[in-house]
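Text of start_12.txt, listed as compact mmCIF, N, CA and C atoms:
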```
# COMPACT_ATOMS: atom_id res chain seq x y z
N MET A 1 -56.14 79.86 188.52
CA MET A 1 -57.19 79.37 187.66
C MET A 1 -57.50 80.37 186.55
N ARG A 2 -57.51 81.67 186.93
CA ARG A 2 -57.77 82.70 185.93
C ARG A 2 -56.68 82.71 184.86
N ARG A 3 -55.44 82.55 185.29
CA ARG A 3 -54.34 82.55 184.34
C ARG A 3 -54.47 81.39 183.35
N LEU A 4 -54.84 80.26 183.88
CA LEU A 4 -55.02 79.09 183.01
C LEU A 4 -56.13 79.32 182.00
N LEU A 5 -57.23 79.89 182.45
CA LEU A 5 -58.35 80.19 181.56
C LEU A 5 -57.94 81.22 180.52
N LEU A 6 -57.28 82.28 180.96
CA LEU A 6 -56.82 83.32 180.05
C LEU A 6 -55.82 82.76 179.04
N LEU A 7 -54.92 81.94 179.50
CA LEU A 7 -53.93 81.33 178.62
C LEU A 7 -54.59 80.42 177.58
N SER A 8 -55.57 79.63 178.00
CA SER A 8 -56.25 78.73 177.05
C SER A 8 -57.06 79.51 176.03
N VAL A 9 -57.71 80.60 176.44
CA VAL A 9 -58.46 81.43 175.49
C VAL A 9 -57.51 82.09 174.50
N LEU A 10 -56.42 82.62 174.98
CA LEU A 10 -55.43 83.26 174.12
C LEU A 10 -54.84 82.26 173.13
N LEU A 11 -54.54 81.08 173.60
CA LEU A 11 -53.99 80.04 172.73
C LEU A 11 -54.99 79.64 171.66
N SER A 12 -56.25 79.49 172.01
CA SER A 12 -57.26 79.10 171.02
C SER A 12 -57.46 80.20 169.98
N VAL A 13 -57.38 81.46 170.38
CA VAL A 13 -57.49 82.57 169.43
C VAL A 13 -56.31 82.56 168.47
N LEU A 14 -55.13 82.35 168.99
CA LEU A 14 -53.94 82.30 168.14
C LEU A 14 -54.00 81.15 167.16
N VAL A 15 -54.44 80.00 167.61
CA VAL A 15 -54.54 78.84 166.73
C VAL A 15 -55.56 79.08 165.63
N SER A 16 -56.71 79.67 165.97
CA SER A 16 -57.73 79.90 164.95
C SER A 16 -57.27 80.95 163.95
N CYS A 17 -56.55 81.95 164.38
CA CYS A 17 -56.04 82.97 163.46
C CYS A 17 -54.94 82.41 162.57
N SER A 18 -54.11 81.54 163.11
CA SER A 18 -53.01 81.00 162.32
C SER A 18 -53.52 80.16 161.16
N GLY A 19 -54.65 79.50 161.32
CA GLY A 19 -55.23 78.73 160.23
C GLY A 19 -55.64 79.62 159.07
N ARG A 20 -56.26 80.73 159.38
CA ARG A 20 -56.65 81.67 158.33
C ARG A 20 -55.42 82.25 157.64
N LYS A 21 -54.45 82.60 158.44
CA LYS A 21 -53.21 83.17 157.87
C LYS A 21 -52.52 82.15 156.97
N GLN A 22 -52.57 80.89 157.37
CA GLN A 22 -51.94 79.84 156.58
C GLN A 22 -52.61 79.72 155.21
N VAL A 23 -53.94 79.76 155.18
CA VAL A 23 -54.67 79.67 153.91
C VAL A 23 -54.42 80.92 153.08
N GLU A 24 -54.46 82.09 153.71
CA GLU A 24 -54.20 83.34 152.99
C GLU A 24 -52.79 83.34 152.40
N LYS A 25 -51.83 82.89 153.16
CA LYS A 25 -50.45 82.85 152.68
C LYS A 25 -50.32 81.91 151.48
N ALA A 26 -50.97 80.77 151.55
CA ALA A 26 -50.92 79.82 150.43
C ALA A 26 -51.53 80.44 149.17
N ILE A 27 -52.63 81.16 149.32
CA ILE A 27 -53.26 81.81 148.17
C ILE A 27 -52.33 82.89 147.61
N ASN A 28 -51.79 83.71 148.50
CA ASN A 28 -50.94 84.82 148.07
C ASN A 28 -49.64 84.36 147.42
N THR A 29 -49.16 83.19 147.77
CA THR A 29 -47.93 82.67 147.16
C THR A 29 -48.21 81.80 145.94
N GLY A 30 -49.48 81.64 145.59
CA GLY A 30 -49.82 80.85 144.41
C GLY A 30 -49.92 79.37 144.66
N ASN A 31 -49.89 78.96 145.91
CA ASN A 31 -50.02 77.55 146.25
C ASN A 31 -51.50 77.24 146.50
N TYR A 32 -52.27 77.30 145.41
CA TYR A 32 -53.72 77.20 145.50
C TYR A 32 -54.19 75.84 145.99
N ASN A 33 -53.53 74.78 145.56
CA ASN A 33 -53.97 73.45 145.98
C ASN A 33 -53.80 73.26 147.48
N GLN A 34 -52.73 73.80 148.04
CA GLN A 34 -52.54 73.72 149.49
C GLN A 34 -53.61 74.56 150.21
N ALA A 35 -53.94 75.72 149.65
CA ALA A 35 -54.98 76.57 150.25
C ALA A 35 -56.33 75.85 150.22
N ILE A 36 -56.62 75.18 149.12
CA ILE A 36 -57.87 74.43 149.01
C ILE A 36 -57.90 73.31 150.04
N TYR A 37 -56.80 72.57 150.13
CA TYR A 37 -56.73 71.47 151.09
C TYR A 37 -56.93 71.98 152.53
N ASP A 38 -56.23 73.05 152.88
CA ASP A 38 -56.35 73.60 154.24
C ASP A 38 -57.76 74.10 154.52
N ALA A 39 -58.35 74.80 153.56
CA ALA A 39 -59.71 75.32 153.75
C ALA A 39 -60.71 74.18 153.87
N LEU A 40 -60.56 73.15 153.05
CA LEU A 40 -61.46 72.00 153.13
C LEU A 40 -61.34 71.31 154.48
N LYS A 41 -60.13 71.22 154.98
CA LYS A 41 -59.89 70.60 156.29
C LYS A 41 -60.64 71.37 157.38
N LYS A 42 -60.60 72.68 157.31
CA LYS A 42 -61.29 73.52 158.30
C LYS A 42 -62.80 73.44 158.16
N LEU A 43 -63.29 73.21 156.94
CA LEU A 43 -64.73 73.19 156.68
C LEU A 43 -65.37 71.82 156.89
N GLU A 44 -64.57 70.82 157.24
CA GLU A 44 -65.11 69.48 157.43
C GLU A 44 -66.17 69.43 158.52
N THR A 45 -65.99 70.21 159.57
CA THR A 45 -66.95 70.21 160.67
C THR A 45 -67.57 71.60 160.81
N ASN A 46 -68.87 71.62 161.00
CA ASN A 46 -69.60 72.86 161.25
C ASN A 46 -69.29 73.93 160.21
N LYS A 47 -69.44 73.57 158.95
CA LYS A 47 -69.02 74.42 157.84
C LYS A 47 -69.78 75.74 157.73
N ASN A 48 -70.97 75.83 158.30
CA ASN A 48 -71.77 77.04 158.16
C ASN A 48 -71.69 77.97 159.36
N SER A 49 -70.76 77.74 160.27
CA SER A 49 -70.64 78.63 161.43
C SER A 49 -70.02 79.95 160.98
N LYS A 50 -70.28 80.98 161.72
CA LYS A 50 -69.76 82.31 161.40
C LYS A 50 -68.24 82.32 161.33
N ARG A 51 -67.60 81.56 162.22
CA ARG A 51 -66.15 81.55 162.27
C ARG A 51 -65.52 80.92 161.03
N LYS A 52 -66.27 80.12 160.30
CA LYS A 52 -65.71 79.41 159.16
C LYS A 52 -66.07 80.05 157.82
N GLN A 53 -66.78 81.16 157.85
CA GLN A 53 -67.17 81.81 156.61
C GLN A 53 -65.97 82.30 155.80
N ASP A 54 -64.94 82.76 156.50
CA ASP A 54 -63.73 83.20 155.80
C ASP A 54 -63.10 82.05 155.02
N TYR A 55 -63.13 80.86 155.60
CA TYR A 55 -62.56 79.69 154.91
C TYR A 55 -63.35 79.36 153.64
N ALA A 56 -64.65 79.53 153.71
CA ALA A 56 -65.48 79.26 152.53
C ALA A 56 -65.13 80.23 151.41
N LEU A 57 -64.96 81.49 151.75
CA LEU A 57 -64.62 82.49 150.73
C LEU A 57 -63.20 82.26 150.19
N MET A 58 -62.28 81.90 151.07
CA MET A 58 -60.91 81.61 150.61
C MET A 58 -60.88 80.36 149.74
N LEU A 59 -61.71 79.37 150.09
CA LEU A 59 -61.81 78.16 149.26
C LEU A 59 -62.27 78.51 147.86
N GLN A 60 -63.29 79.34 147.78
CA GLN A 60 -63.81 79.74 146.47
C GLN A 60 -62.73 80.48 145.67
N ASP A 61 -62.04 81.39 146.31
CA ASP A 61 -60.99 82.16 145.65
C ASP A 61 -59.87 81.24 145.14
N ALA A 62 -59.39 80.36 145.99
CA ALA A 62 -58.31 79.45 145.61
C ALA A 62 -58.76 78.49 144.51
N TYR A 63 -60.00 78.02 144.60
CA TYR A 63 -60.54 77.08 143.61
C TYR A 63 -60.53 77.71 142.21
N TYR A 64 -61.06 78.92 142.11
CA TYR A 64 -61.12 79.56 140.79
C TYR A 64 -59.74 79.95 140.27
N LYS A 65 -58.87 80.38 141.16
CA LYS A 65 -57.51 80.72 140.72
C LYS A 65 -56.75 79.49 140.26
N ALA A 66 -56.89 78.39 140.97
CA ALA A 66 -56.21 77.15 140.57
C ALA A 66 -56.74 76.64 139.23
N ASN A 67 -58.06 76.67 139.07
CA ASN A 67 -58.64 76.23 137.80
C ASN A 67 -58.19 77.11 136.64
N GLU A 68 -58.19 78.42 136.86
CA GLU A 68 -57.76 79.34 135.81
C GLU A 68 -56.31 79.07 135.41
N ARG A 69 -55.45 78.88 136.41
CA ARG A 69 -54.05 78.60 136.13
C ARG A 69 -53.89 77.31 135.33
N ASP A 70 -54.58 76.25 135.75
CA ASP A 70 -54.45 74.96 135.06
C ASP A 70 -55.02 75.02 133.65
N LEU A 71 -56.15 75.68 133.48
CA LEU A 71 -56.73 75.78 132.13
C LEU A 71 -55.85 76.61 131.21
N ASN A 72 -55.23 77.66 131.73
CA ASN A 72 -54.29 78.45 130.92
C ASN A 72 -53.06 77.62 130.55
N ASN A 73 -52.57 76.82 131.49
CA ASN A 73 -51.44 75.93 131.19
C ASN A 73 -51.81 74.93 130.10
N ILE A 74 -53.01 74.37 130.18
CA ILE A 74 -53.45 73.41 129.17
C ILE A 74 -53.53 74.09 127.80
N LYS A 75 -54.09 75.28 127.78
CA LYS A 75 -54.22 76.01 126.51
C LYS A 75 -52.84 76.27 125.90
N HIS A 76 -51.91 76.67 126.75
CA HIS A 76 -50.54 76.93 126.29
C HIS A 76 -49.87 75.66 125.78
N LEU A 77 -50.02 74.57 126.51
CA LEU A 77 -49.41 73.30 126.09
C LEU A 77 -50.01 72.79 124.78
N LYS A 78 -51.30 72.99 124.59
CA LYS A 78 -51.93 72.57 123.34
C LYS A 78 -51.44 73.42 122.17
N LYS A 79 -51.20 74.71 122.41
CA LYS A 79 -50.70 75.58 121.34
C LYS A 79 -49.29 75.17 120.92
N ASP A 80 -48.50 74.67 121.85
CA ASP A 80 -47.15 74.21 121.51
C ASP A 80 -47.20 73.04 120.54
N ASN A 81 -48.29 72.29 120.59
CA ASN A 81 -48.50 71.15 119.68
C ASN A 81 -47.33 70.16 119.74
N ASN A 82 -46.79 70.00 120.91
CA ASN A 82 -45.70 69.06 121.13
C ASN A 82 -46.29 67.78 121.71
N PRO A 83 -46.19 66.68 120.99
CA PRO A 83 -46.78 65.43 121.47
C PRO A 83 -46.22 64.97 122.82
N GLU A 84 -45.02 65.38 123.14
CA GLU A 84 -44.40 64.99 124.40
C GLU A 84 -45.14 65.59 125.61
N LEU A 85 -45.90 66.64 125.38
CA LEU A 85 -46.55 67.37 126.47
C LEU A 85 -47.93 66.83 126.82
N TYR A 86 -48.41 65.82 126.10
CA TYR A 86 -49.75 65.31 126.40
C TYR A 86 -49.84 64.64 127.76
N THR A 87 -48.75 64.18 128.29
CA THR A 87 -48.75 63.64 129.65
C THR A 87 -49.04 64.76 130.64
N ASN A 88 -48.44 65.93 130.42
CA ASN A 88 -48.71 67.09 131.28
C ASN A 88 -50.16 67.52 131.18
N ILE A 89 -50.67 67.54 129.96
CA ILE A 89 -52.07 67.93 129.75
C ILE A 89 -53.00 66.95 130.47
N TYR A 90 -52.71 65.68 130.31
CA TYR A 90 -53.51 64.64 130.97
C TYR A 90 -53.50 64.82 132.49
N GLU A 91 -52.33 65.07 133.05
CA GLU A 91 -52.22 65.26 134.51
C GLU A 91 -52.94 66.52 134.98
N LEU A 92 -52.91 67.56 134.17
CA LEU A 92 -53.63 68.79 134.54
C LEU A 92 -55.14 68.56 134.54
N TYR A 93 -55.64 67.82 133.55
CA TYR A 93 -57.07 67.50 133.54
C TYR A 93 -57.46 66.64 134.74
N LEU A 94 -56.60 65.70 135.09
CA LEU A 94 -56.87 64.89 136.29
C LEU A 94 -56.90 65.76 137.55
N ALA A 95 -56.00 66.73 137.62
CA ALA A 95 -55.97 67.64 138.78
C ALA A 95 -57.23 68.49 138.84
N LEU A 96 -57.69 68.98 137.69
CA LEU A 96 -58.93 69.77 137.65
C LEU A 96 -60.11 68.94 138.14
N ASN A 97 -60.18 67.71 137.67
CA ASN A 97 -61.28 66.83 138.06
C ASN A 97 -61.20 66.48 139.55
N ALA A 98 -60.01 66.16 140.03
CA ALA A 98 -59.84 65.82 141.45
C ALA A 98 -60.18 67.00 142.35
N ARG A 99 -59.83 68.19 141.92
CA ARG A 99 -60.10 69.39 142.71
C ARG A 99 -61.60 69.59 142.89
N GLN A 100 -62.33 69.47 141.80
CA GLN A 100 -63.77 69.70 141.94
C GLN A 100 -64.46 68.55 142.70
N GLU A 101 -63.92 67.36 142.60
CA GLU A 101 -64.48 66.25 143.38
C GLU A 101 -64.19 66.43 144.86
N ALA A 102 -63.08 67.07 145.20
CA ALA A 102 -62.75 67.32 146.60
C ALA A 102 -63.66 68.38 147.21
N VAL A 103 -64.08 69.34 146.39
CA VAL A 103 -64.92 70.44 146.89
C VAL A 103 -66.37 70.01 147.05
N LYS A 104 -66.86 69.12 146.22
CA LYS A 104 -68.27 68.74 146.23
C LYS A 104 -68.81 68.28 147.58
N PRO A 105 -68.06 67.51 148.38
CA PRO A 105 -68.63 67.03 149.64
C PRO A 105 -68.96 68.13 150.66
N VAL A 106 -68.33 69.29 150.59
CA VAL A 106 -68.61 70.34 151.57
C VAL A 106 -69.72 71.28 151.12
N LEU A 107 -70.24 71.08 149.93
CA LEU A 107 -71.30 71.95 149.42
C LEU A 107 -72.64 71.55 150.02
N PRO A 108 -73.56 72.46 150.15
CA PRO A 108 -73.51 73.88 149.84
C PRO A 108 -72.85 74.67 150.97
N LEU A 109 -72.16 75.72 150.59
CA LEU A 109 -71.56 76.63 151.56
C LEU A 109 -72.35 77.93 151.57
N VAL A 110 -72.69 78.40 152.76
CA VAL A 110 -73.50 79.60 152.89
C VAL A 110 -72.70 80.64 153.68
N VAL A 111 -72.61 81.84 153.11
CA VAL A 111 -71.94 82.96 153.78
C VAL A 111 -72.90 84.14 153.80
N ASP A 112 -73.18 84.63 154.98
CA ASP A 112 -74.11 85.75 155.18
C ASP A 112 -75.45 85.50 154.49
N GLY A 113 -75.94 84.29 154.58
CA GLY A 113 -77.23 83.94 154.03
C GLY A 113 -77.25 83.67 152.54
N LYS A 114 -76.10 83.80 151.88
CA LYS A 114 -76.01 83.57 150.43
C LYS A 114 -75.20 82.31 150.17
N THR A 115 -75.68 81.52 149.25
CA THR A 115 -74.97 80.30 148.88
C THR A 115 -73.83 80.63 147.93
N ILE A 116 -72.66 80.10 148.25
CA ILE A 116 -71.50 80.30 147.38
C ILE A 116 -71.58 79.27 146.25
N ASN A 117 -71.46 79.77 145.03
CA ASN A 117 -71.56 78.89 143.87
C ASN A 117 -70.18 78.50 143.37
N PHE A 118 -70.06 77.26 143.01
CA PHE A 118 -68.85 76.74 142.38
C PHE A 118 -69.26 76.19 141.02
N LYS A 119 -68.48 76.53 140.00
CA LYS A 119 -68.76 76.02 138.66
C LYS A 119 -67.99 74.72 138.47
N PHE A 120 -68.72 73.68 138.09
CA PHE A 120 -68.09 72.38 137.84
C PHE A 120 -68.23 72.03 136.37
N ASN A 121 -67.18 71.46 135.82
CA ASN A 121 -67.17 71.03 134.41
C ASN A 121 -66.95 69.53 134.35
N ASP A 122 -67.42 68.96 133.26
CA ASP A 122 -67.18 67.54 133.02
C ASP A 122 -65.92 67.41 132.17
N TYR A 123 -64.85 66.95 132.78
CA TYR A 123 -63.58 66.82 132.09
C TYR A 123 -63.35 65.41 131.55
N THR A 124 -64.36 64.57 131.60
CA THR A 124 -64.21 63.17 131.19
C THR A 124 -63.70 63.04 129.77
N ASN A 125 -64.33 63.74 128.83
CA ASN A 125 -63.91 63.63 127.43
C ASN A 125 -62.49 64.17 127.23
N ASP A 126 -62.16 65.24 127.93
CA ASP A 126 -60.81 65.81 127.82
C ASP A 126 -59.77 64.84 128.38
N ILE A 127 -60.10 64.20 129.48
CA ILE A 127 -59.19 63.22 130.08
C ILE A 127 -58.98 62.04 129.14
N ILE A 128 -60.08 61.55 128.57
CA ILE A 128 -59.99 60.42 127.65
C ILE A 128 -59.18 60.78 126.41
N GLU A 129 -59.41 61.98 125.87
CA GLU A 129 -58.68 62.42 124.68
C GLU A 129 -57.18 62.57 124.98
N ALA A 130 -56.86 63.19 126.09
CA ALA A 130 -55.45 63.37 126.45
C ALA A 130 -54.78 62.02 126.71
N GLU A 131 -55.50 61.11 127.36
CA GLU A 131 -54.95 59.77 127.63
C GLU A 131 -54.71 59.03 126.32
N SER A 132 -55.65 59.16 125.39
CA SER A 132 -55.52 58.50 124.09
C SER A 132 -54.30 59.03 123.33
N LEU A 133 -54.15 60.34 123.31
CA LEU A 133 -52.99 60.94 122.62
C LEU A 133 -51.68 60.55 123.32
N ARG A 134 -51.73 60.49 124.63
CA ARG A 134 -50.56 60.09 125.40
C ARG A 134 -50.16 58.65 125.07
N GLN A 135 -51.16 57.77 124.99
CA GLN A 135 -50.89 56.37 124.67
C GLN A 135 -50.35 56.22 123.25
N THR A 136 -50.87 57.02 122.33
CA THR A 136 -50.41 56.98 120.94
C THR A 136 -48.94 57.34 120.87
N ILE A 137 -48.54 58.33 121.62
CA ILE A 137 -47.13 58.75 121.64
C ILE A 137 -46.24 57.65 122.19
N TYR A 138 -46.71 57.00 123.27
CA TYR A 138 -45.91 55.92 123.84
C TYR A 138 -45.80 54.73 122.89
N MET A 139 -46.86 54.48 122.12
CA MET A 139 -46.83 53.38 121.15
C MET A 139 -45.82 53.68 120.03
N LYS A 140 -45.76 54.95 119.61
CA LYS A 140 -44.82 55.32 118.54
C LYS A 140 -43.39 55.21 119.01
N LYS A 141 -43.16 55.49 120.30
CA LYS A 141 -41.80 55.41 120.85
C LYS A 141 -41.34 53.95 120.97
N ALA A 142 -42.27 53.06 121.17
CA ALA A 142 -41.93 51.66 121.39
C ALA A 142 -41.57 50.94 120.12
```
Just dump the structure as structure tokens.
Amino acid sequence: MRRLLLLSVLLSVLVSCSGRKQVEKAINTGNYNQAIYDALKKLETNKNSKRKQDYALMLQDAYYKANERDLNNIKHLKKDNNPELYTNIYELYLALNARQEAVKPVLPLVVDGKTINFKFNDYTNDIIEAESLRQTIYMKKA
């Protein structure tokens, strides 16, 4: 009976650690969207427990890194001024919007008594503008 109890405790510790390692690995390899998804999955239940505080901090880190990467890509694509790239710009704006909508349901997140802040932007006008330019390009091709 003791062995079974010891084995189950050891297994649960390994499983809980592997989740953190998985999110950390995703962040370190630049797979921010996967890190966000994994962290959100862990935060779905009992988000303010001590054991889940690391996930909240990793979620914040991945969220800001993913947004920074996408916004830099958009800036670069706009500088190219290539009409063919407006589909990419449109998709990046949709990803930015979807990411922040995915994070909103788990808010507020509290770590060590402090609320973690997430900055949200309204990308509606950018999405509409990119979609309009994208449609214009398709009309010219037709």
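Note that atom N of Ile128 in chain A and atom N of Glu91 in chain A are 9.6 Å apart.
Atom C of Ile89 in chain A to atom C of Leu59 in chain A spans 22.8 Å [interatomic distance, one decimal].
If only N, CA and C atoms are the atoms counted, then among A:Lys21, A:Ser49, A:Leu57, A:Ile137 the closest residue to Pro83 in chain A is A:Ile137.
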Exercise for review: Identify, on the basis of all atoms listed in the file, every residue whose closest approach to range 105-118 of chain A does not exceed 6.5 Å; exclude the query and any residue fewer than 2 positions from it along the same chain; express the result as JSON, numbers by chain.
Suggested key: {"A": [43, 47, 48, 53, 101, 102, 103, 120]}
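Assigned to helix (DSSP H, G or I) in range 85-126 of chain A, given DSSP computed from backbone atoms, are Leu85, Tyr86, Thr87, Asn88, Ile89, Tyr90, Glu91, Leu92, Tyr93, Leu94, Ala95, Leu96, Asn97, Ala98, Arg99, Gln100, Glu101, Ala102, Val103, Lys104, Pro105, Val106, Thr124, Asn125 and Asp126 of chain A.
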Quick one: what's the axis-aligned box for range 119-122 of chain A, all listed atoms, 6 Å on every side, centre and edges in Å to one decimal, as JSON?
```
{"center_x": -67.3, "center_y": 72.0, "center_z": 136.1, "size_x": 14.8, "size_y": 21.1, "size_z": 19.8}
```
Check your understanding: Could you write out, as an NGL selection string, all the residues of range 2-142 of chain A that DSSP marks as strand (DSSP E or B)?
Key -> :A and (109-111 or 114-116)
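Take CA of Asn67 in chain A and CA of Ala130 in chain A: the distance between them is 17.4 Å.
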Check your understanding: Hey, which of A:Glu131, A:Glu84, A:Asp38, A:Asp61 ends up closest to Val23 in chain A? Count all atoms listed in the file.
Key -> A:Asp38
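Using only N, CA and C atoms, the nearest neighbour of Leu94 in chain A within the list A:Tyr123, A:Ala62, A:Gln135, A:Asn28 is A:Tyr123.
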Please list, as a tab-separated table (two decimals) with N, CA and C atoms, in the frame of the given file, the residues that have an atom at most 6 Å away from (-52.4, 62.2, 126.8) in the coordinates of this file, counting only N, CA and C atoms.
```
chain	number	residue	atom	x	y	z
A	86	TYR	N	-48.41	65.82	126.10
A	86	TYR	CA	-49.75	65.31	126.40
A	86	TYR	C	-49.84	64.64	127.76
A	87	THR	N	-48.75	64.18	128.29
A	87	THR	CA	-48.75	63.64	129.65
A	87	THR	C	-49.04	64.76	130.64
A	90	TYR	N	-52.71	65.68	130.31
A	90	TYR	CA	-53.51	64.64	130.97
A	90	TYR	C	-53.50	64.82	132.49
A	129	GLU	N	-59.41	61.98	125.87
A	129	GLU	CA	-58.68	62.42	124.68
A	129	GLU	C	-57.18	62.57	124.98
A	130	ALA	N	-56.86	63.19	126.09
A	130	ALA	CA	-55.45	63.37	126.45
A	130	ALA	C	-54.78	62.02	126.71
A	131	GLU	N	-55.50	61.11	127.36
A	131	GLU	CA	-54.95	59.77	127.63
A	131	GLU	C	-54.71	59.03	126.32
A	132	SER	N	-55.65	59.16	125.39
A	132	SER	CA	-55.52	58.50	124.09
A	132	SER	C	-54.30	59.03	123.33
A	133	LEU	N	-54.15	60.34	123.31
A	133	LEU	CA	-52.99	60.94	122.62
A	133	LEU	C	-51.68	60.55	123.32
A	134	ARG	N	-51.73	60.49	124.63
A	134	ARG	CA	-50.56	60.09	125.40
A	134	ARG	C	-50.16	58.65	125.07
A	135	GLN	N	-51.16	57.77	124.99
A	135	GLN	CA	-50.89	56.37	124.67
A	135	GLN	C	-50.35	56.22	123.25
```
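Nearest to Ala56 in chain A of all the residues A:Gln100, A:Ala39, A:Tyr138, A:Arg69 is A:Ala39, counting all atoms listed in the file.
Using only C-alpha atoms, the nearest neighbour of Lys104 in chain A within the list A:Asn125, A:Asn33, A:Gln60, A:Asn88 is A:Gln60.
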